[in-house]
Protein chains: 2
Amino acid sequence: MNAPTEPRDWGTRAQRRSQRQARVAIALGSALRGKLVSTDQAVALLHAVLEPFDRVCLEGNNQKQADFLARALVQLDPQCVHDLHMVQSVLALPEHLEVFELGIASKLDFSFSGPQAGRLAQLVGAGRLQIGAIHTYLELFARYFVDLTPQVSLIAAHSADAQGNLYTGPNTEDTPAIVEATAFSGGIVIAQVNELVDQVPRIDVPAGWVDYVIVAPKPNTIEPLFTRDPAQISEIQVLMAMMAIKGIYAEYGVQRLNHGIGFDTAAIELLLPTYAESLGLKGKICQHWALNPHPALIPAIEAGWVQSVHSFGSELGMEDYIRARSDVFFTGADGSLRSNRAFCQAAGHYACDLFIGSTLQMDLQGNSSTATLGRIAGFGGAPNMGADARGRRHASEAWLKAGREARAGRTGAAGTPRGQKLVVQMVETFREHMQPAFVETLDAWQLAEQAGMALPPIMIYGDDVTHVLTEEGIANLLLCRTDEEREQAIRGVAGYTALGLGRDRRMVENLRDRGVIRRAVDLGIDPRDATRNLLAARSMRDLVRISGGLYQPPKRFRNW
Amino acid sequence: MNAPTEPRDWGTRAQRRSQRQARVAIALGSALRGKLVSTDQAVALLHAVLEPFDRVCLEGNNQKQADFLARALVQLDPQCVHDLHMVQSVLALPEHLEVFELGIASKLDFSFSGPQAGRLAQLVGAGRLQIGAIHTYLELFARYFVDLTPQVSLIAAHSADAQGNLYTGPNTEDTPAIVEATAFSGGIVIAQVNELVDQVPRIDVPAGWVDYVIVAPKPNTIEPLFTRDPAQISEIQVLMAMMAIKGIYAEYGVQRLNHGIGFDTAAIELLLPTYAESLGLKGKICQHWALNPHPALIPAIEAGWVQSVHSFGSELGMEDYIRARSDVFFTGADGSLRSNRAFCQAAGHYACDLFIGSTLQMDLQGNSSTATLGRIAGFGGAPNMGADARGRRHASEAWLKAGREARAGRTGAAGTPRGQKLVVQMVETFREHMQPAFVETLDAWQLAEQAGMALPPIMIYGDDVTHVLTEEGIANLLLCRTDEEREQAIRGVAGYTALGLGRDRRMVENLRDRGVIRRAVDLGIDPRDATRNLLAARSMRDLVRISGGLYQPPKRFRNW
């Protein structure tokens with residue numbers, strides 16, 4: 001009973017690794033010098049390395065893309081390389097789906113597919129692609145170390161030296177997590193780089209963790225996803241931002257927070273040195289951030305509001321500004337940003353008191369989702385940061401107050417004192433094309449049925465949402481005690497949508513008396529004051545000026 | 001309004017860093033060659049680097065200790081260096097508290113203080129030490145990137161080369177998280193190493209992230225914390241392990257899990273190739289682990305039960321075994337383990353379906369704590385892994401089933417379908433000295449009052465516990481619908497403790513009929529079968545034999 005029941009070969013990982021390396025040596029011949037592979041040999045390299053059914057991480061980050069390797073991957077012969085299991089955080093490029101259309105890959109575990117959500121749904125519908133699961137980023141990284149360990153990773157770095165040391169620079173993003181999981185499990189790491197240099201500015205990934213380096217014919221794609229032109233912020237967004245600042249940030253004393261992508265939160269960032277300053281809140285809120293380097297945060301930084309920013313990734317055009325503000329940003333010895341999505345997601349989960357995000361749809365339980373029919377969009381970082389961090393044990397004012405509100409009057413296990421994360425959903429009652437944001441049933445349910453998912457793809461669960469903020473006011477769900485109260489609190493800020501109009505007026509007024517619902521006027525905010533004049537920057541040009549010329553927006557944002 | 005309100009110097013971090021480096025250069029003179037500092041200059045180095053009120057991470061991991069630097073730290077002159085704010089995961093060495101007694105440090109943020117818990121409580125009582133907060137590991141690491149970023153880190157590595165590249169080897173543990181937070185925020189990283197070598201076996205930390213390297217006069221302390229001698233496993237523990245396997249692991253089909261430290265879980269590991277095999281469970285449970293390399297897992301690995309193990313740290317004596325089983329463990333190109341506490345905690349939180357741990361006290365709400373009067377013991381990894389991971393979105397059988405049980409019949413937000421992590425508390429009804437494990441009020445409450453904590457130091461909240469397992473049976477709290485049911489379910493497995501005797505017999509029998517409480521006999525387990533003969537190894541010698549002589553236990557465990 002104690003002896004092995006069958007003889008087992010314990011070196012299979014090491015053997016497969018050697019076999020892959022041997023195939024590469026034969027296939028490439030003199031096109032391989034040390035770890036360096038000639039640019040024109042990318043397809044040959046992948047053919048030699050990959051085997052059918054391999055688990056492969058093709059680095060698709062939120063911003064940085066291993067696009068050259070993606071283009072090589074779709075040129076493989078599906079007779080030789082097929083049924084790959086792709087485990088990558090983001091589907092951004094057309095090639096990320098082409099591998100499935102071509103039969104090179106067949107299974108997918110991922111986090112976010114924003115730009116490719118429609119095509120992804122079509123492929124699933126056509127049976128060309130099996131989704132393992134949709135994850136939040138840190139969850140996918142976690143599985144890299146348990147049951148989704150990549151056997152081959154195709155990553156992107158800025159530069160490499162002859163030994164194979166990599167410089168990922170400002171857009172380090174997912175790379176350390178991917179490489180560590182692959183390199184320390186007998187896998188193969190292939191890096192595309194923009195250039196080969198004598199000495200990298202700093203070593204982000206040691207050469208010992210990298211197997212092959214290939215210089216791409218052009219620099220890897222990076223998208224400035226987090227840049228929002230202040231010129232496009234509406235006065236409704238200014239009003240909502242004022243309510244967020246006065247009704248939530250100041251109310252709870254939120255010092256550590258994450259902001260998502262979008263105009264709603266950009267408006268908040270741009271009101272800090274103006275509106276929030278006028279309320280005497282400087283130093284009392286918003287000092288520590290888990291955030292990409294949003295240009296919209298420049299005025300607040302310049303006005304001395306911000307003590308620290310740790311970032312998931314970087315943002316194009318912010319390089320010189322970051323270098324000149326190294327007291328605020330995490331930077332390397334070379335002066336450029338060190339981002340790290342895994343650590344920043346951990347920071348967003350465990351060290352932030354507030355997450356604020358936008359959604360497309362919310363139901364009367366407070367569940368929200370950006371999944372709409374015909375689009376499998378994924379979750380990104382929202383579930384990780386927009387969930388109560390139940391493992392958290394350190395206290396802060398904001399967290400304790402939210403916990404007190406949630407637990408007052410409760411008994412038993414639910415009444416045991418505990419803090420709670422503030423999770424705010426910020427949404428206008430109608431989104432574009434006059435689609436109501438509040439719905440009886442989320443599209444997610446029908447999508448789950450269509451795609452055969454075990455559960456509907458809910459991004460933030462109603463159980464975790466603490467505040468719903470619309471132009472009609474703030475619903476504080478922490479103070480609700482019954483399903484009915486929660487439903488009426490949500491209807492109470494749902495305005496002229498069908499669900500809003502279906503509210504019980506008396507109950508809503510009662511909730512307003514109790515402070516569960518607070519309208520602008522209840523917060524002492526006159527909606528007529530909500531003008532764009534309050535924005536610390538009203539254009540991209542303002543941002544550049546306030547940065548002292550350090551911020552250099554990408555061309556598409558330069559309209560002067 | 002858009003301009004800075006006052007002129008600000010944006011390079012303070014970089015300036016402080018340069019000043020520290022300049023002081024070191026002056027103080028050490030020729031005792032500094034590149035990054036290498038002479039062994040006899042440790043105190044001088046720290047004196048030159050440190051400033052009052054610095055946030056300092058003195059690497060105290062769970063196992064590996066920067067003990068030489070700790071001994072240097074307590075030799076500093078408190079007139080010059082005082083009021084340090086220590087931010088370190090574990091207090092293990094006497095020096096970790098001496099810095100407070102001597103007035104060198106005054107504030108502490110930490111995770112675990114097992115061996116020093118009593119002395120820590122005394123120091124807090126005497127006002128010599130202010131606790132910021134007690135964290136779970138990943139939470140503390142998260143704060144390193146937000147509001148507890150170390151300005152100076154004192155770390156331990158196995159070896160370094162002349163450039164300062166570090167080899168942390170099997171006990172990498174917290175090092176990457178500490179170094180990344182410090183090195184990329186203008187801080188100073190000082191590494192003690194056991195030896196200087198021409199070439200490190202692999203680079204775990206690149207030289208560019210390290211400021212000073214100093215060779216310690218003897219190798220750093222490492223404790224074999226996770227080794228349990230099978231000879232000491234009791235038949236009650238065998239019985240409880242049988243119930244865990246049949247009543248929980250098999251019931252939910254748990255494939256991915258974490259085991260804590262202790263004899264209870266060692267017994268489970270040792271029953272896999274015997275009892276669990278006889279139930280036909282091989283391949284159906286326990287294939288993927290987030291776990292230190294427990295020697296007790298050797299028989300299950302040898303019998304082919306285990307596909308992968310990712311580890312927080314390593315375990316002394318397991319080096320050769322790990323090297324020879326690289327298909328199972330994460331290893332580097334040098335063949336030795338690559339552990340990483342941050343990633344393994346993420347894996348435990350997001351990629352495991354079950355956490356099972358032990359506790360000292362549990363109340364009738366299911367809250368449990370290892371804090372007892374006069375001891376501030378901290379939490380370690382338990383809160384992070386023993387909490388429902390509410391950001392998780394990928395499904396597994398185990399997770400879906402637990403979620404269905406928890407939500408059946410519920411309405412509103414609480415009724416929205418969602419999975420749930422299995423969190424099992426395994427505890428004998430009486431612990432040593434016949435102290436009951438079940439208590440009306442946790443000592444944690446009184447401790448919170450004594451130490452001025454905002455909340456009682458609860459390790460696992462009743463809200464997150466799904467099963468309580470004692471020698472009397474399993475209480476499935478997922479199926480409880482009221483405070484009273486939960487209370488009676490816990491009383492129902494509390495045996496002859498006062499709380500157990502206070503149960504409502506009729507209600508407990510009703511809970512048993514409903515399957516909320518399951519006794520051994522209900523599971524088809526005859527307690528007379530629970531003998532030590534079922535253990536796949538009954539001694540350390542057995543473990544060595546089963547490992548084919550690859551496992552080499554530390555001396556204290558060698559009794560033959």
# chains A, B, ... in the order shown; residues from 1 in each chain; ligands from 1

call {"tool": "residues_around", "arguments": {"residues": "stretch 432-443 of chain B", "least_positions_apart": "5", "cutoff": "7 Å", "atoms": "only C-alpha atoms", "output": "list in words"}}
result
Leu360, Gln361, Met362, Asp363, Leu364, Ala371, Thr372, Leu373, Ala494, Thr497 and Leu499 of chain B

call {"tool": "write_last_selection", "arguments": {"atoms": "all heavy atoms", "output": "tab-separated table (two decimals), in the first residue's frame"}}
result
chain	number	residue	atom	x	y	z
B	360	LEU	N	-8.12	27.25	17.78
B	360	LEU	CA	-8.08	26.98	19.21
B	360	LEU	C	-9.45	27.19	19.84
B	360	LEU	O	-9.83	26.49	20.76
B	360	LEU	CB	-7.05	27.87	19.90
B	360	LEU	CG	-5.59	27.57	19.55
B	360	LEU	CD1	-4.64	28.52	20.27
B	360	LEU	CD2	-5.23	26.12	19.86
B	361	GLN	N	-10.17	28.17	19.35
B	361	GLN	CA	-11.47	28.49	19.93
B	361	GLN	C	-12.49	28.78	18.83
B	361	GLN	O	-12.16	29.42	17.83
B	361	GLN	CB	-11.38	29.76	20.80
B	361	GLN	CG	-10.60	29.58	22.07
B	361	GLN	CD	-10.75	30.78	22.99
B	361	GLN	OE1	-10.95	31.91	22.53
B	361	GLN	NE2	-10.68	30.54	24.29
B	362	MET	N	-13.71	28.34	19.06
B	362	MET	CA	-14.81	28.69	18.15
B	362	MET	C	-16.03	29.05	18.99
B	362	MET	O	-16.30	28.40	20.01
B	362	MET	CB	-15.13	27.52	17.23
B	362	MET	CG	-16.32	27.79	16.32
B	362	MET	SD	-16.62	26.46	15.12
B	362	MET	CE	-15.28	26.76	13.98
B	363	ASP	N	-16.74	30.09	18.54
B	363	ASP	CA	-17.96	30.45	19.27
B	363	ASP	C	-19.19	29.91	18.54
B	363	ASP	O	-19.08	29.24	17.51
B	363	ASP	CB	-18.04	31.97	19.52
B	363	ASP	CG	-18.21	32.79	18.24
B	363	ASP	OD1	-18.63	32.22	17.21
B	363	ASP	OD2	-17.93	34.00	18.28
B	364	LEU	N	-20.35	30.21	19.05
B	364	LEU	CA	-21.57	29.61	18.51
B	364	LEU	C	-22.01	30.24	17.20
B	364	LEU	O	-22.92	29.76	16.53
B	364	LEU	CB	-22.71	29.68	19.54
B	364	LEU	CG	-22.49	28.75	20.74
B	364	LEU	CD1	-23.55	29.00	21.81
B	364	LEU	CD2	-22.54	27.28	20.29
B	371	ALA	N	-6.20	33.51	18.80
B	371	ALA	CA	-5.78	34.48	19.81
B	371	ALA	C	-6.33	34.04	21.16
B	371	ALA	O	-7.53	33.79	21.29
B	371	ALA	CB	-6.31	35.86	19.46
B	372	THR	N	-5.47	33.92	22.14
B	372	THR	CA	-5.94	33.62	23.49
B	372	THR	C	-5.36	34.69	24.40
B	372	THR	O	-4.46	35.44	24.01
B	372	THR	CB	-5.51	32.21	23.93
B	372	THR	OG1	-4.10	32.09	23.72
B	372	THR	CG2	-6.24	31.15	23.14
B	373	LEU	N	-5.87	34.76	25.60
B	373	LEU	CA	-5.49	35.86	26.50
B	373	LEU	C	-3.98	35.92	26.68
B	373	LEU	O	-3.32	34.92	26.89
B	373	LEU	CB	-6.19	35.70	27.83
B	373	LEU	CG	-7.67	36.09	27.78
B	373	LEU	CD1	-8.29	36.02	29.17
B	373	LEU	CD2	-7.83	37.49	27.20
B	494	ALA	N	-20.19	19.64	19.19
B	494	ALA	CA	-19.30	20.13	20.26
B	494	ALA	C	-19.16	19.13	21.41
B	494	ALA	O	-18.55	19.44	22.44
B	494	ALA	CB	-19.79	21.49	20.76
B	497	THR	N	-18.32	19.23	25.63
B	497	THR	CA	-18.04	20.57	26.15
B	497	THR	C	-19.34	21.13	26.71
B	497	THR	O	-20.44	20.63	26.40
B	497	THR	CB	-17.54	21.52	25.03
B	497	THR	OG1	-18.60	21.66	24.06
B	497	THR	CG2	-16.30	20.98	24.34
B	499	LEU	N	-20.85	23.75	25.94
B	499	LEU	CA	-21.73	24.20	24.85
B	499	LEU	C	-22.37	23.03	24.12
B	499	LEU	O	-23.52	23.11	23.68
B	499	LEU	CB	-20.96	25.08	23.86
B	499	LEU	CG	-20.47	26.42	24.41
B	499	LEU	CD1	-20.00	27.30	23.27
B	499	LEU	CD2	-21.56	27.13	25.19

call {"tool": "closest_atom_pairs", "arguments": {"of": "chain A", "to": "chain B", "cutoff": "6 Å", "atoms": "only C-alpha atoms", "output": "tab-separated table"}}
result
residue	atom	partner	partner_atom	distance
A:Asn2	CA	B:Ala536	CA	5.5
A:Pro4	CA	B:Ala303	CA	4.3
A:Thr5	CA	B:Ala303	CA	5.7
A:Trp10	CA	B:Arg325	CA	5.6
A:Gly11	CA	B:Asp327	CA	6.0
A:Arg13	CA	B:Asp327	CA	5.6
A:Ala133	CA	B:His394	CA	5.2
A:His135	CA	B:Arg393	CA	5.4
A:Glu139	CA	B:Tyr350	CA	5.1
A:Ala142	CA	B:Ala347	CA	4.3
A:Arg143	CA	B:Ala351	CA	5.3
A:Phe184	CA	B:Gly332	CA	4.9
A:Ser185	CA	B:Phe330	CA	5.1
A:Glu302	CA	B:Pro4	CA	5.3
A:Ala303	CA	B:Pro4	CA	4.4
A:Arg325	CA	B:Trp10	CA	5.6
A:Asp327	CA	B:Arg13	CA	5.6
A:Phe330	CA	B:Ser185	CA	5.1
A:Thr331	CA	B:Phe184	CA	5.0
A:Gly332	CA	B:Phe184	CA	4.9
A:Ala346	CA	B:Ala142	CA	5.3
A:Ala347	CA	B:Ala142	CA	4.2
A:Tyr350	CA	B:Glu139	CA	5.1
A:Ala351	CA	B:Arg143	CA	5.3
A:Gln365	CA	B:Ala413	CA	4.8
A:Pro383	CA	B:Gly391	CA	4.5
A:Asn384	CA	B:Gly391	CA	4.3
A:Ala387	CA	B:Gly391	CA	5.5
A:Arg390	CA	B:Ala387	CA	5.7
A:Gly391	CA	B:Asn384	CA	4.3
A:Arg393	CA	B:His135	CA	5.4
A:His394	CA	B:Ala133	CA	5.2
A:Gly412	CA	B:Asp483	CA	5.3
A:Ala413	CA	B:Gln365	CA	4.8
A:Gly462	CA	B:Ala413	CA	5.4
A:Asp463	CA	B:Ala413	CA	5.4
A:Asp483	CA	B:Gly412	CA	5.3
A:Ala536	CA	B:Asn2	CA	5.6

call {"tool": "select_by_dssp", "arguments": {"residues": "stretch 306-446 of chain B", "states": "strand (DSSP E or B)", "output": "list of chain:residue names"}}
result
B:Ser308, B:Val309, B:His310, B:Phe329, B:Thr331, B:Leu337, B:Leu354, B:Phe355, B:Ile356, B:Gly357, B:Ser358, B:Gln361, B:Met362, B:Ser368, B:Ser369, B:Thr372, B:Arg375, B:Gly378, B:Leu422, B:Val423, B:Val424, B:Gln425, B:Met426, B:Phe430, B:Arg431, B:Gln435, B:Pro436, B:Phe438

call {"tool": "atom_distance", "arguments": {"atom1": "atom CA of B:Gln446", "atom2": "atom CA of B:Leu97"}}
result
22.8 Å

call {"tool": "closest_residue", "arguments": {"among": "B:Leu479, B:Val427, B:Ala70, B:Ile322", "to": "B:Leu550", "atoms": "only C-alpha atoms"}}
result
B:Ile322

call {"tool": "select_by_dssp", "arguments": {"residues": "stretch 234-276 of chain B", "states": "helix (DSSP H, G or I)", "output": "mmCIF file with N, CA, C and O atoms, in the first residue's frame"}}
result
data_model
loop_
_atom_site.group_PDB
_atom_site.id
_atom_site.type_symbol
_atom_site.label_atom_id
_atom_site.label_comp_id
_atom_site.auth_asym_id
_atom_site.auth_seq_id
_atom_site.Cartn_x
_atom_site.Cartn_y
_atom_site.Cartn_z
ATOM 1 N N GLU B 235 -5.412 8.330 16.964
ATOM 2 C CA GLU B 235 -6.495 7.640 16.256
ATOM 3 C C GLU B 235 -7.717 8.539 16.122
ATOM 4 O O GLU B 235 -8.488 8.403 15.171
ATOM 5 N N ILE B 236 -7.854 9.477 17.023
ATOM 6 C CA ILE B 236 -8.928 10.473 16.837
ATOM 7 C C ILE B 236 -8.655 11.289 15.576
ATOM 8 O O ILE B 236 -9.562 11.593 14.808
ATOM 9 N N GLN B 237 -7.399 11.639 15.380
ATOM 10 C CA GLN B 237 -7.056 12.393 14.163
ATOM 11 C C GLN B 237 -7.294 11.543 12.914
ATOM 12 O O GLN B 237 -7.720 12.062 11.879
ATOM 13 N N VAL B 238 -7.034 10.243 13.019
ATOM 14 C CA VAL B 238 -7.321 9.358 11.883
ATOM 15 C C VAL B 238 -8.827 9.362 11.597
ATOM 16 O O VAL B 238 -9.259 9.484 10.441
ATOM 17 N N LEU B 239 -9.614 9.281 12.650
ATOM 18 C CA LEU B 239 -11.068 9.286 12.472
ATOM 19 C C LEU B 239 -11.541 10.591 11.817
ATOM 20 O O LEU B 239 -12.338 10.571 10.865
ATOM 21 N N MET B 240 -11.036 11.691 12.322
ATOM 22 C CA MET B 240 -11.443 12.978 11.744
ATOM 23 C C MET B 240 -11.002 13.087 10.283
ATOM 24 O O MET B 240 -11.719 13.635 9.442
ATOM 25 N N ALA B 241 -9.832 12.553 9.991
ATOM 26 C CA ALA B 241 -9.335 12.594 8.611
ATOM 27 C C ALA B 241 -10.230 11.752 7.695
ATOM 28 O O ALA B 241 -10.513 12.134 6.551
ATOM 29 N N MET B 242 -10.679 10.615 8.198
ATOM 30 C CA MET B 242 -11.593 9.774 7.405
ATOM 31 C C MET B 242 -12.883 10.544 7.102
ATOM 32 O O MET B 242 -13.405 10.509 5.979
ATOM 33 N N MET B 243 -13.381 11.240 8.115
ATOM 34 C CA MET B 243 -14.614 12.002 7.907
ATOM 35 C C MET B 243 -14.393 13.136 6.898
ATOM 36 O O MET B 243 -15.244 13.412 6.060
ATOM 37 N N ALA B 244 -13.237 13.782 7.009
ATOM 38 C CA ALA B 244 -12.936 14.861 6.062
ATOM 39 C C ALA B 244 -12.931 14.325 4.631
ATOM 40 O O ALA B 244 -13.523 14.905 3.719
ATOM 41 N N ILE B 245 -12.270 13.184 4.444
ATOM 42 C CA ILE B 245 -12.142 12.625 3.093
ATOM 43 C C ILE B 245 -13.490 12.182 2.549
ATOM 44 O O ILE B 245 -13.884 12.539 1.445
ATOM 45 N N LYS B 246 -14.215 11.408 3.360
ATOM 46 C CA LYS B 246 -15.470 10.843 2.838
ATOM 47 C C LYS B 246 -16.613 11.865 2.878
ATOM 48 O O LYS B 246 -17.435 11.918 1.970
ATOM 49 N N GLY B 247 -16.644 12.651 3.939
ATOM 50 C CA GLY B 247 -17.790 13.538 4.141
ATOM 51 C C GLY B 247 -17.661 14.895 3.455
ATOM 52 O O GLY B 247 -18.654 15.586 3.255
ATOM 53 N N ILE B 248 -16.437 15.280 3.109
ATOM 54 C CA ILE B 248 -16.272 16.603 2.481
ATOM 55 C C ILE B 248 -15.537 16.484 1.140
ATOM 56 O O ILE B 248 -16.074 16.847 0.102
ATOM 57 N N TYR B 249 -14.315 15.966 1.150
ATOM 58 C CA TYR B 249 -13.531 15.930 -0.091
ATOM 59 C C TYR B 249 -14.266 15.142 -1.183
ATOM 60 O O TYR B 249 -14.367 15.584 -2.340
ATOM 61 N N ALA B 250 -14.755 13.951 -0.833
ATOM 62 C CA ALA B 250 -15.444 13.120 -1.835
ATOM 63 C C ALA B 250 -16.807 13.710 -2.165
ATOM 64 O O ALA B 250 -17.227 13.733 -3.323
ATOM 65 N N GLU B 251 -17.478 14.204 -1.151
ATOM 66 C CA GLU B 251 -18.833 14.749 -1.309
ATOM 67 C C GLU B 251 -18.865 15.892 -2.339
ATOM 68 O O GLU B 251 -19.789 16.006 -3.132
ATOM 69 N N TYR B 252 -17.847 16.743 -2.286
ATOM 70 C CA TYR B 252 -17.822 17.904 -3.183
ATOM 71 C C TYR B 252 -16.895 17.697 -4.385
ATOM 72 O O TYR B 252 -16.860 18.523 -5.291
ATOM 73 N N PHE B 263 -1.107 18.291 12.670
ATOM 74 C CA PHE B 263 -1.314 16.841 12.609
ATOM 75 C C PHE B 263 -2.653 16.469 11.965
ATOM 76 O O PHE B 263 -2.778 15.424 11.337
ATOM 77 N N ASP B 264 -3.665 17.321 12.147
ATOM 78 C CA ASP B 264 -4.981 17.004 11.591
ATOM 79 C C ASP B 264 -4.909 16.823 10.076
ATOM 80 O O ASP B 264 -5.419 15.849 9.525
ATOM 81 N N THR B 265 -4.276 17.787 9.414
ATOM 82 C CA THR B 265 -4.205 17.701 7.954
ATOM 83 C C THR B 265 -3.130 16.706 7.508
ATOM 84 O O THR B 265 -3.267 16.071 6.464
ATOM 85 N N ALA B 266 -2.076 16.522 8.318
ATOM 86 C CA ALA B 266 -1.081 15.493 7.992
ATOM 87 C C ALA B 266 -1.770 14.127 7.935
ATOM 88 O O ALA B 266 -1.464 13.290 7.072
ATOM 89 N N ALA B 267 -2.711 13.916 8.844
ATOM 90 C CA ALA B 267 -3.437 12.635 8.844
ATOM 91 C C ALA B 267 -4.205 12.456 7.542
ATOM 92 O O ALA B 267 -4.201 11.370 6.950
ATOM 93 N N ILE B 268 -4.829 13.516 7.061
ATOM 94 C CA ILE B 268 -5.556 13.421 5.780
ATOM 95 C C ILE B 268 -4.588 13.046 4.663
ATOM 96 O O ILE B 268 -4.842 12.148 3.852
ATOM 97 N N GLU B 269 -3.441 13.749 4.623
ATOM 98 C CA GLU B 269 -2.458 13.470 3.566
ATOM 99 C C GLU B 269 -2.024 12.000 3.584
ATOM 100 O O GLU B 269 -1.864 11.380 2.537
ATOM 101 N N LEU B 270 -1.870 11.468 4.794
ATOM 102 C CA LEU B 270 -1.380 10.090 4.924
ATOM 103 C C LEU B 270 -2.470 9.047 4.691
ATOM 104 O O LEU B 270 -2.183 7.857 4.582
ATOM 105 N N LEU B 271 -3.711 9.461 4.617
ATOM 106 C CA LEU B 271 -4.799 8.508 4.332
ATOM 107 C C LEU B 271 -5.151 8.450 2.852
ATOM 108 O O LEU B 271 -5.928 7.595 2.437
ATOM 109 N N LEU B 272 -4.587 9.368 2.056
ATOM 110 C CA LEU B 272 -4.974 9.384 0.637
ATOM 111 C C LEU B 272 -4.636 8.067 -0.060
ATOM 112 O O LEU B 272 -5.505 7.477 -0.708
ATOM 113 N N PRO B 273 -3.380 7.559 0.061
ATOM 114 C CA PRO B 273 -3.063 6.345 -0.694
ATOM 115 C C PRO B 273 -3.609 5.068 -0.041
ATOM 116 O O PRO B 273 -3.389 3.983 -0.569
ATOM 117 N N THR B 274 -4.283 5.194 1.097
ATOM 118 C CA THR B 274 -4.807 3.997 1.778
ATOM 119 C C THR B 274 -6.339 4.057 1.818
ATOM 120 O O THR B 274 -7.006 3.497 0.963
ATOM 121 N N TYR B 275 -6.849 4.832 2.763
ATOM 122 C CA TYR B 275 -8.301 4.896 2.934
ATOM 123 C C TYR B 275 -8.999 5.500 1.705
ATOM 124 O O TYR B 275 -9.968 4.928 1.182
ATOM 125 N N ALA B 276 -8.511 6.625 1.252
ATOM 126 C CA ALA B 276 -9.160 7.272 0.096
ATOM 127 C C ALA B 276 -9.044 6.395 -1.145
ATOM 128 O O ALA B 276 -9.965 6.313 -1.961
#

call {"tool": "residues_around", "arguments": {"residues": "stretch 116-127 of chain B", "least_positions_apart": "5", "cutoff": "6 Å", "atoms": "only C-alpha atoms", "output": "PDB file with C-alpha atoms, in the first residue's frame"}}
result
ATOM      1  CA  GLY B 374      -2.032  37.295  26.852  1.00  0.00           C
ATOM      2  CA  ARG B 375      -0.986  36.230  23.365  1.00  0.00           C
ATOM      3  CA  ILE B 376      -1.217  38.328  20.180  1.00  0.00           C
ATOM      4  CA  ALA B 377      -0.529  35.563  17.689  1.00  0.00           C
TER       5      ALA B 377
END

call {"tool": "residues_around", "arguments": {"residues": "B:Asp67", "least_positions_apart": "2", "cutoff": "8 Å", "atoms": "only C-alpha atoms", "output": "VMD selection string"}}
result
chain B and resid 65 69 to 71 93 220 to 221

call {"tool": "write_last_selection", "arguments": {"atoms": "N, CA, C and O atoms", "output": "PDB file, in the first residue's frame"}}
result
ATOM      1  N   GLN B  65      14.724  33.519   7.905  1.00  0.00           N
ATOM      2  CA  GLN B  65      14.887  34.731   8.705  1.00  0.00           C
ATOM      3  C   GLN B  65      16.177  35.463   8.341  1.00  0.00           C
ATOM      4  O   GLN B  65      17.233  34.846   8.255  1.00  0.00           O
ATOM      5  N   LEU B  69      21.029  40.306  10.035  1.00  0.00           N
ATOM      6  CA  LEU B  69      20.655  41.723   9.991  1.00  0.00           C
ATOM      7  C   LEU B  69      19.789  42.092  11.204  1.00  0.00           C
ATOM      8  O   LEU B  69      19.858  43.220  11.701  1.00  0.00           O
ATOM      9  N   ALA B  70      18.998  41.140  11.684  1.00  0.00           N
ATOM     10  CA  ALA B  70      18.193  41.391  12.891  1.00  0.00           C
ATOM     11  C   ALA B  70      19.113  41.629  14.084  1.00  0.00           C
ATOM     12  O   ALA B  70      18.875  42.530  14.902  1.00  0.00           O
ATOM     13  N   ARG B  71      20.194  40.843  14.173  1.00  0.00           N
ATOM     14  CA  ARG B  71      21.136  41.016  15.287  1.00  0.00           C
ATOM     15  C   ARG B  71      21.894  42.333  15.180  1.00  0.00           C
ATOM     16  O   ARG B  71      22.254  42.941  16.189  1.00  0.00           O
ATOM     17  N   LEU B  93      11.975  35.834  15.725  1.00  0.00           N
ATOM     18  CA  LEU B  93      13.204  35.849  16.517  1.00  0.00           C
ATOM     19  C   LEU B  93      13.069  36.794  17.711  1.00  0.00           C
ATOM     20  O   LEU B  93      12.318  37.777  17.649  1.00  0.00           O
ATOM     21  N   ASN B 220      21.561  31.696   7.211  1.00  0.00           N
ATOM     22  CA  ASN B 220      20.365  32.222   7.852  1.00  0.00           C
ATOM     23  C   ASN B 220      19.501  31.108   8.419  1.00  0.00           C
ATOM     24  O   ASN B 220      19.497  29.981   7.942  1.00  0.00           O
ATOM     25  N   THR B 221      18.808  31.450   9.473  1.00  0.00           N
ATOM     26  CA  THR B 221      17.922  30.497  10.142  1.00  0.00           C
ATOM     27  C   THR B 221      16.772  30.096   9.227  1.00  0.00           C
ATOM     28  O   THR B 221      16.156  30.949   8.583  1.00  0.00           O
TER      29      THR B 221
END
